[in-house]
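Just my_file_29.txt here, compact mmCIF, C-alpha atoms:
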```txt
# COMPACT_ATOMS: atom_id res chain seq x y z
CA MET G 29 140.77 87.14 129.23
CA ASN G 30 138.80 88.34 126.18
CA LEU G 31 135.28 88.98 127.48
CA ASN G 32 133.90 88.62 123.96
CA ILE G 33 134.84 84.95 123.69
CA LEU G 34 132.48 82.27 124.99
CA THR G 35 134.05 79.04 126.30
CA HIS G 36 132.72 75.55 126.94
CA ASP G 37 133.07 76.00 130.70
CA GLU G 38 130.81 79.04 130.64
CA VAL G 39 127.90 77.06 129.17
CA LEU G 40 128.51 73.83 131.07
CA ARG G 41 127.71 75.30 134.47
CA SER G 42 125.55 72.48 135.78
CA ALA G 43 126.40 68.81 136.15
CA PRO G 44 124.32 65.86 135.00
CA ALA G 45 122.63 63.66 137.56
CA GLU G 46 124.44 60.49 138.61
CA THR G 47 121.53 58.60 137.09
CA ALA G 48 121.85 60.27 133.68
CA ASP G 49 121.25 57.56 131.09
CA VAL G 50 121.75 59.20 127.68
CA GLU G 51 124.29 61.55 126.09
CA ILE G 52 123.17 64.53 124.02
CA ALA G 53 125.61 66.21 121.66
CA VAL G 54 124.79 69.92 121.76
CA VAL G 55 125.98 71.45 118.48
CA VAL G 56 126.24 75.23 118.73
CA GLN G 57 127.98 78.26 117.22
CA LEU G 58 129.34 79.59 120.51
CA ASN G 59 131.25 82.45 118.90
CA MET G 60 130.56 84.59 115.84
CA PRO G 61 132.73 87.02 113.88
CA GLY G 62 132.66 90.52 115.30
CA GLN G 63 130.40 89.62 118.19
CA PRO G 64 129.72 92.34 120.80
CA GLU G 65 129.40 91.61 124.51
CA ASP G 66 125.59 91.52 124.41
CA SER G 67 125.69 88.87 121.68
CA VAL G 68 128.03 86.74 123.78
CA ALA G 69 125.77 87.14 126.80
CA LEU G 70 122.70 86.14 124.79
CA GLN G 71 124.35 83.03 123.35
CA ARG G 72 125.61 82.09 126.81
CA ASP G 73 122.16 82.44 128.37
CA LEU G 74 120.40 80.43 125.66
CA THR G 75 122.97 77.64 125.74
CA VAL G 76 123.08 77.47 129.53
CA THR G 77 119.29 77.18 129.74
CA ALA G 78 119.26 74.37 127.19
CA VAL G 79 122.12 72.49 128.87
CA ASP G 80 120.67 72.91 132.37
CA ASP G 81 117.28 71.59 131.27
CA LEU G 82 118.81 68.57 129.56
CA HIS G 83 120.76 67.81 132.73
CA ARG G 84 117.61 68.30 134.80
CA LEU G 85 115.77 65.84 132.57
CA GLY G 86 118.38 63.12 133.08
CA ALA G 87 120.77 63.54 130.17
CA ARG G 88 124.52 64.12 129.95
CA VAL G 89 125.63 66.90 127.63
CA SER G 90 128.72 67.30 125.46
CA ILE G 91 129.35 70.63 123.72
CA HIS G 92 130.44 70.72 120.07
CA ASP G 93 131.28 74.25 118.92
CA VAL G 94 131.11 74.76 115.14
CA GLY G 95 132.52 78.27 115.59
CA GLY G 96 135.84 77.22 117.15
CA GLU G 97 139.28 77.08 115.57
CA SER G 98 139.02 73.32 115.25
CA ALA G 99 136.07 71.47 113.76
CA PRO G 100 133.93 69.42 116.17
CA ASP G 101 134.79 65.73 116.51
CA ALA G 102 132.31 64.22 114.05
CA ASP G 103 132.74 60.73 115.52
CA ALA G 104 131.94 62.02 119.02
CA VAL G 105 128.73 63.63 117.74
CA THR G 106 127.76 60.41 115.98
CA ARG G 107 128.40 58.33 119.12
CA ALA G 108 126.01 60.46 121.18
CA ASP G 109 122.49 59.12 121.72
CA GLY G 110 120.87 62.29 120.34
CA ILE G 111 121.77 65.67 118.82
CA LEU G 112 120.48 69.11 119.78
CA VAL G 113 121.41 71.88 117.34
CA LEU G 114 121.14 75.40 118.80
CA GLY G 115 121.12 78.89 117.28
CA GLY G 116 123.78 81.41 116.34
CA GLY G 117 124.52 83.85 113.55
CA ASP G 118 123.05 84.23 110.08
CA VAL G 119 123.49 81.50 107.50
CA ASP G 120 125.74 82.47 104.58
CA ALA G 121 123.21 83.38 101.87
CA ARG G 122 125.39 81.91 99.12
CA LEU G 123 124.57 78.46 100.49
CA TYR G 124 121.01 78.80 99.22
CA GLY G 125 121.73 80.79 96.07
CA HIS G 126 121.15 84.34 97.32
CA THR G 127 123.86 86.68 96.02
CA GLU G 128 122.47 90.11 96.89
CA PRO G 129 123.44 91.97 100.11
CA VAL G 130 121.47 90.81 103.16
CA PRO G 131 119.97 93.58 105.31
CA ASN G 132 120.59 93.28 109.06
CA GLU G 133 123.08 90.45 108.52
CA TYR G 134 125.10 89.43 111.59
CA GLY G 135 127.44 86.69 112.75
CA LYS G 136 127.91 85.09 109.32
CA ASP G 137 130.59 82.39 109.35
CA ARG G 138 130.70 80.07 106.33
CA ARG G 139 133.09 77.73 108.12
CA ALA G 140 130.58 77.21 110.94
CA ASP G 141 127.76 76.71 108.41
CA ASP G 142 129.68 74.03 106.51
CA ARG G 143 130.55 72.17 109.70
CA GLU G 144 126.99 72.24 110.95
CA ILE G 145 125.48 71.18 107.63
CA ALA G 146 127.88 68.22 107.52
CA ILE G 147 126.72 67.14 111.00
CA ILE G 148 123.05 67.47 110.01
CA ARG G 149 123.49 65.53 106.78
CA THR G 150 125.27 62.73 108.63
CA ALA G 151 122.44 62.65 111.17
CA ILE G 152 119.89 62.35 108.36
CA ALA G 153 121.86 59.57 106.66
CA GLU G 154 122.21 57.66 109.94
CA ASP G 155 118.64 58.36 111.07
CA ALA G 156 119.83 59.98 114.29
CA THR G 157 117.42 61.59 116.74
CA LEU G 158 117.86 65.32 116.19
CA LEU G 159 116.17 68.49 117.43
CA ALA G 160 117.22 71.78 115.77
CA LEU G 161 116.33 75.24 117.09
CA CYS G 162 116.34 78.61 115.26
CA ARG G 163 119.56 78.72 113.16
CA GLY G 164 119.67 74.94 113.53
CA SER G 165 116.22 74.69 111.94
CA GLN G 166 117.30 76.98 109.10
CA LEU G 167 120.42 74.89 108.47
CA LEU G 168 118.34 71.71 108.50
CA ASN G 169 116.37 73.21 105.62
CA VAL G 170 119.50 74.32 103.75
CA ALA G 171 121.10 70.89 104.30
CA CYS G 172 118.07 69.40 102.52
CA GLY G 173 118.45 71.76 99.55
CA GLY G 174 115.96 74.38 100.70
CA SER G 175 116.33 78.15 100.84
CA LEU G 176 115.84 80.90 103.40
CA ILE G 177 114.19 84.30 103.52
CA PRO G 178 117.34 86.42 104.06
CA ASP G 179 115.57 89.23 105.93
CA LEU G 180 111.90 89.19 106.93
CA ASP G 181 109.95 92.28 105.88
CA PRO G 182 107.63 92.92 107.60
CA PHE G 183 109.25 91.42 110.69
CA ASP G 184 106.90 92.55 113.48
CA LEU G 185 105.37 89.12 114.13
CA HIS G 186 108.79 87.52 114.57
CA LYS G 187 111.00 89.88 116.56
CA GLY G 188 111.01 93.13 118.47
CA ALA G 189 111.45 96.49 116.75
CA PRO G 190 114.83 98.27 116.79
CA GLY G 191 115.54 99.54 120.29
CA GLN G 192 113.05 97.07 121.79
CA PRO G 193 113.70 93.61 123.30
CA LEU G 194 114.54 91.08 120.59
CA PHE G 195 112.28 88.29 121.81
CA ILE G 196 108.49 88.44 121.63
CA ASP G 197 105.60 86.03 122.05
CA GLU G 198 104.11 84.78 118.78
CA THR G 199 101.19 82.50 118.01
CA VAL G 200 101.90 79.77 115.45
CA THR G 201 99.56 77.23 113.87
CA LEU G 202 100.58 73.57 114.12
CA THR G 203 99.98 71.23 111.18
CA PRO G 204 97.75 68.23 112.03
CA GLY G 205 99.45 64.87 111.60
CA THR G 206 102.94 66.18 112.38
CA ILE G 207 105.24 65.40 115.30
CA VAL G 208 104.84 68.94 116.65
CA HIS G 209 101.04 68.81 116.59
CA ASP G 210 101.04 65.42 118.30
CA LEU G 211 103.42 66.69 121.01
CA TYR G 212 101.34 69.69 122.02
CA GLY G 213 97.93 68.26 121.18
CA GLN G 214 96.58 71.61 119.96
CA ASP G 215 96.21 73.62 116.76
CA GLU G 216 97.81 76.83 118.00
CA LEU G 217 100.78 77.49 120.25
CA THR G 218 102.29 80.66 121.70
CA VAL G 219 106.06 80.53 121.29
CA ARG G 220 109.05 82.78 122.02
CA ASN G 221 110.53 84.22 118.86
CA GLY G 222 113.29 86.58 117.79
CA HIS G 223 114.40 85.96 114.18
CA HIS G 224 114.88 87.93 110.98
CA GLN G 225 115.56 84.95 108.71
CA ALA G 226 113.29 81.96 108.11
CA VAL G 227 112.66 78.92 105.92
CA ASP G 228 111.54 79.87 102.40
CA ARG G 229 111.54 77.00 99.88
CA VAL G 230 111.18 73.83 101.94
CA GLY G 231 113.99 71.35 101.41
CA GLU G 232 113.61 67.88 99.95
CA GLY G 233 112.38 65.31 102.44
CA LEU G 234 110.93 67.93 104.81
CA ARG G 235 107.34 68.91 105.53
CA VAL G 236 105.98 72.03 107.20
CA ALA G 237 104.95 71.40 110.80
CA ALA G 238 104.03 74.96 111.88
CA ARG G 239 103.40 78.37 110.33
CA ALA G 240 103.12 81.92 111.62
CA ALA G 241 100.02 84.05 111.02
CA ASP G 242 101.73 85.60 107.96
CA GLY G 243 102.48 82.16 106.48
CA VAL G 244 106.16 82.08 107.43
CA VAL G 245 107.35 78.53 108.17
CA GLU G 246 108.01 78.05 111.90
CA ALA G 247 108.77 74.31 112.07
CA THR G 248 109.72 71.49 109.72
CA GLU G 249 110.33 67.78 110.13
CA ARG G 250 111.87 65.01 108.08
CA ILE G 251 109.30 62.77 106.44
CA GLU G 252 111.30 59.54 106.11
CA ASN G 253 113.48 59.82 109.22
CA THR G 254 112.29 58.55 112.57
CA TRP G 255 112.57 61.81 114.57
CA ILE G 256 114.30 64.83 113.05
CA LEU G 257 112.57 68.09 113.87
CA GLY G 258 113.40 71.77 113.41
CA VAL G 259 111.60 74.64 115.15
CA GLN G 260 112.27 78.30 114.43
CA TRP G 261 111.31 79.50 117.89
CA HIS G 262 113.38 79.61 121.09
CA PRO G 263 112.01 77.36 123.87
CA GLU G 264 115.38 77.90 125.61
CA GLU G 265 114.94 81.68 125.92
CA ASN G 266 114.48 82.89 129.49
CA GLY G 267 111.11 84.49 128.72
CA ALA G 268 109.71 81.39 127.03
CA ASP G 269 106.96 79.30 128.58
CA VAL G 270 108.75 76.62 130.61
CA ARG G 271 106.03 74.14 129.65
CA ASP G 272 106.92 74.59 125.97
CA ARG G 273 110.56 73.74 126.64
CA ARG G 274 109.72 70.78 128.87
CA ILE G 275 107.26 69.31 126.38
CA LEU G 276 109.71 69.62 123.50
CA PHE G 277 112.85 68.56 125.37
CA SER G 278 111.08 65.70 127.17
CA ALA G 279 109.70 64.35 123.90
CA PHE G 280 113.17 64.58 122.36
CA LEU G 281 114.73 62.67 125.27
CA ASP G 282 111.89 60.10 125.33
CA GLN G 283 112.64 59.34 121.70
CA VAL G 284 116.38 59.14 122.43
CA ARG G 285 115.79 56.70 125.28
CA GLU G 286 113.36 54.52 123.34
CA ARG G 287 115.74 54.17 120.46
CA LYS G 288 118.71 53.48 122.72
CA VAL G 289 116.80 50.68 124.46
CA ALA G 290 115.69 49.27 121.11
CA ALA G 291 119.27 49.30 119.78
CA LEU G 292 120.60 47.53 122.88
CA SER G 293 117.97 44.80 122.60
CA VAL G 294 118.90 43.87 119.02
```
What does the file become when written as structure tokens?
Amino acid sequence: MNLNILTHDEVLRSAPAETADVEIAVVVQLNMPGQPEDSVALQRDLTVTAVDDLHRLGARVSIHDVGGESAPDADAVTRADGILVLGGGDVDARLYGHTEPVPNEYGKDRRADDREIAIIRTAIAEDATLLALCRGSQLLNVACGGSLIPDLDPFDLHKGAPGQPLFIDETVTLTPGTIVHDLYGQDELTVRNGHHQAVDRVGEGLRVAARAADGVVEATERIENTWILGVQWHPEENGADVRDRRILFSAFLDQVRERKVAALSV
């Protein structure tokens, strides 16, 4: 077996509760071009934590890998009650009009980008309930016509230095009147971060929901959709504050359940 290939079984380690009442389509780039073993291990750990917490909170999870040989089943994603978009490699810079070389670029896969953007655009058109993390948040912005900062410089607020652990704690400021601010009920939040790309020009139909101390956008949300939110940070990282993940994931699932009940009562 190729140890540098991540499979569905490796991230679906836990089982949902018998009482699970909603299905969440987890859209993720499980595998990236040229990935080393440590990259596979990181993606496995992040995905497992997200899946386990969703199961723990009463959801059923289906995995939809945009990095596989075959494209995810778009109808299966649409049939799910909610969509969680996880992280992965860098977004192809050509998608937002950047044609120069990108420093520190890794894991770029245009095929995966196109598949994921298609899923996000369908979710927007159908007003699905969607939570996007890290790369997912960046692709939400690109799907709305926005651009990215290809390589943050300086980067020290957002990730560890070379040779140091990737993930660090970062304080972000939440924008009053946004979903994120309402969820946490505070103006500042310490989050777990490890990114070298970020939202630059904000896409059409999005508003900024959080910023870093240097002004870098850390969260966006759709203005006219019911509940579509993108956060740059990693609540599913092992060193993250468990309360952050539970607040965010619980709010996501609460919205999924409310909308499912409302749809069934029509």
| query | In terms of the shortest atom-to-atom distance over all atoms listed in the file, which of G:Val50, G:Leu74, G:Ala121, G:Val294 is closest to Tyr134 of chain G? | reply | G:Ala121
| query | Quick one: distance from atom CA of Arg149 of chain G to atom CA of Ala53 of chain G in Å, one decimal? | reply |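 Distance between the two atoms: 15.0 Å.
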Per-residue nearest contacts of segment 53-150 of chain G to segment 31-43 of chain G (7 Å; all atoms listed in the file) as a tab-separated table:
```
residue	atom	partner	partner_atom	distance
G:Leu58	CA	G:Leu34	CA	6.1
G:Asn59	CA	G:Leu34	CA	6.2
G:Gln63	CA	G:Asn32	CA	6.8
G:Pro64	CA	G:Asn32	CA	6.4
G:Glu65	CA	G:Asn32	CA	5.4
G:Val68	CA	G:Asn32	CA	6.2
G:Arg72	CA	G:Val39	CA	6.0
G:Thr75	CA	G:Val39	CA	6.0
G:Val76	CA	G:Val39	CA	4.9
G:Val79	CA	G:Leu40	CA	6.9
G:Asp80	CA	G:Ser42	CA	6.0
G:His83	CA	G:Ala43	CA	6.7
G:Ile91	CA	G:His36	CA	6.8
```
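Note that atom CA of Ala160 of chain G and atom CA of Ala102 of chain G are 17.0 Å apart.
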| query | Using all atoms listed in the file, which of the listed residues (G:Asp103, G:Glu249, G:Gly174, G:Gly243) sits closest to Gly231 of chain G? | reply |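 Selected residue with least distance to Gly231 of chain G: G:Gly174.
Using only C-alpha atoms, the shortest contact distance between Glu264 of chain G and any of G:Gly86, G:Gly233, G:Gly222, G:Pro204 is found at G:Gly222.
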| Expected residue set, 12 Å radius at (108.8, 66.8, 130.7), all atoms listed in the file, as a list in words |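 I get Asp81, Leu82, Arg84, Leu85, Gly86, Leu211, Tyr212, Val270, Arg271, Asp272, Arg273, Arg274, Ile275, Leu276, Phe277, Ser278, Ala279, Phe280, Leu281 and Asp282 of chain G for the residues within 12 Å of that point.
Residues lying at most 8 Å from (130.0, 85.5, 108.3) in file coordinates, with only C-alpha atoms considered, are Met60, Pro61, Gly117, Asp118, Val119, Asp120, Tyr134, Gly135, Lys136, Asp137 and Arg138 of chain G.
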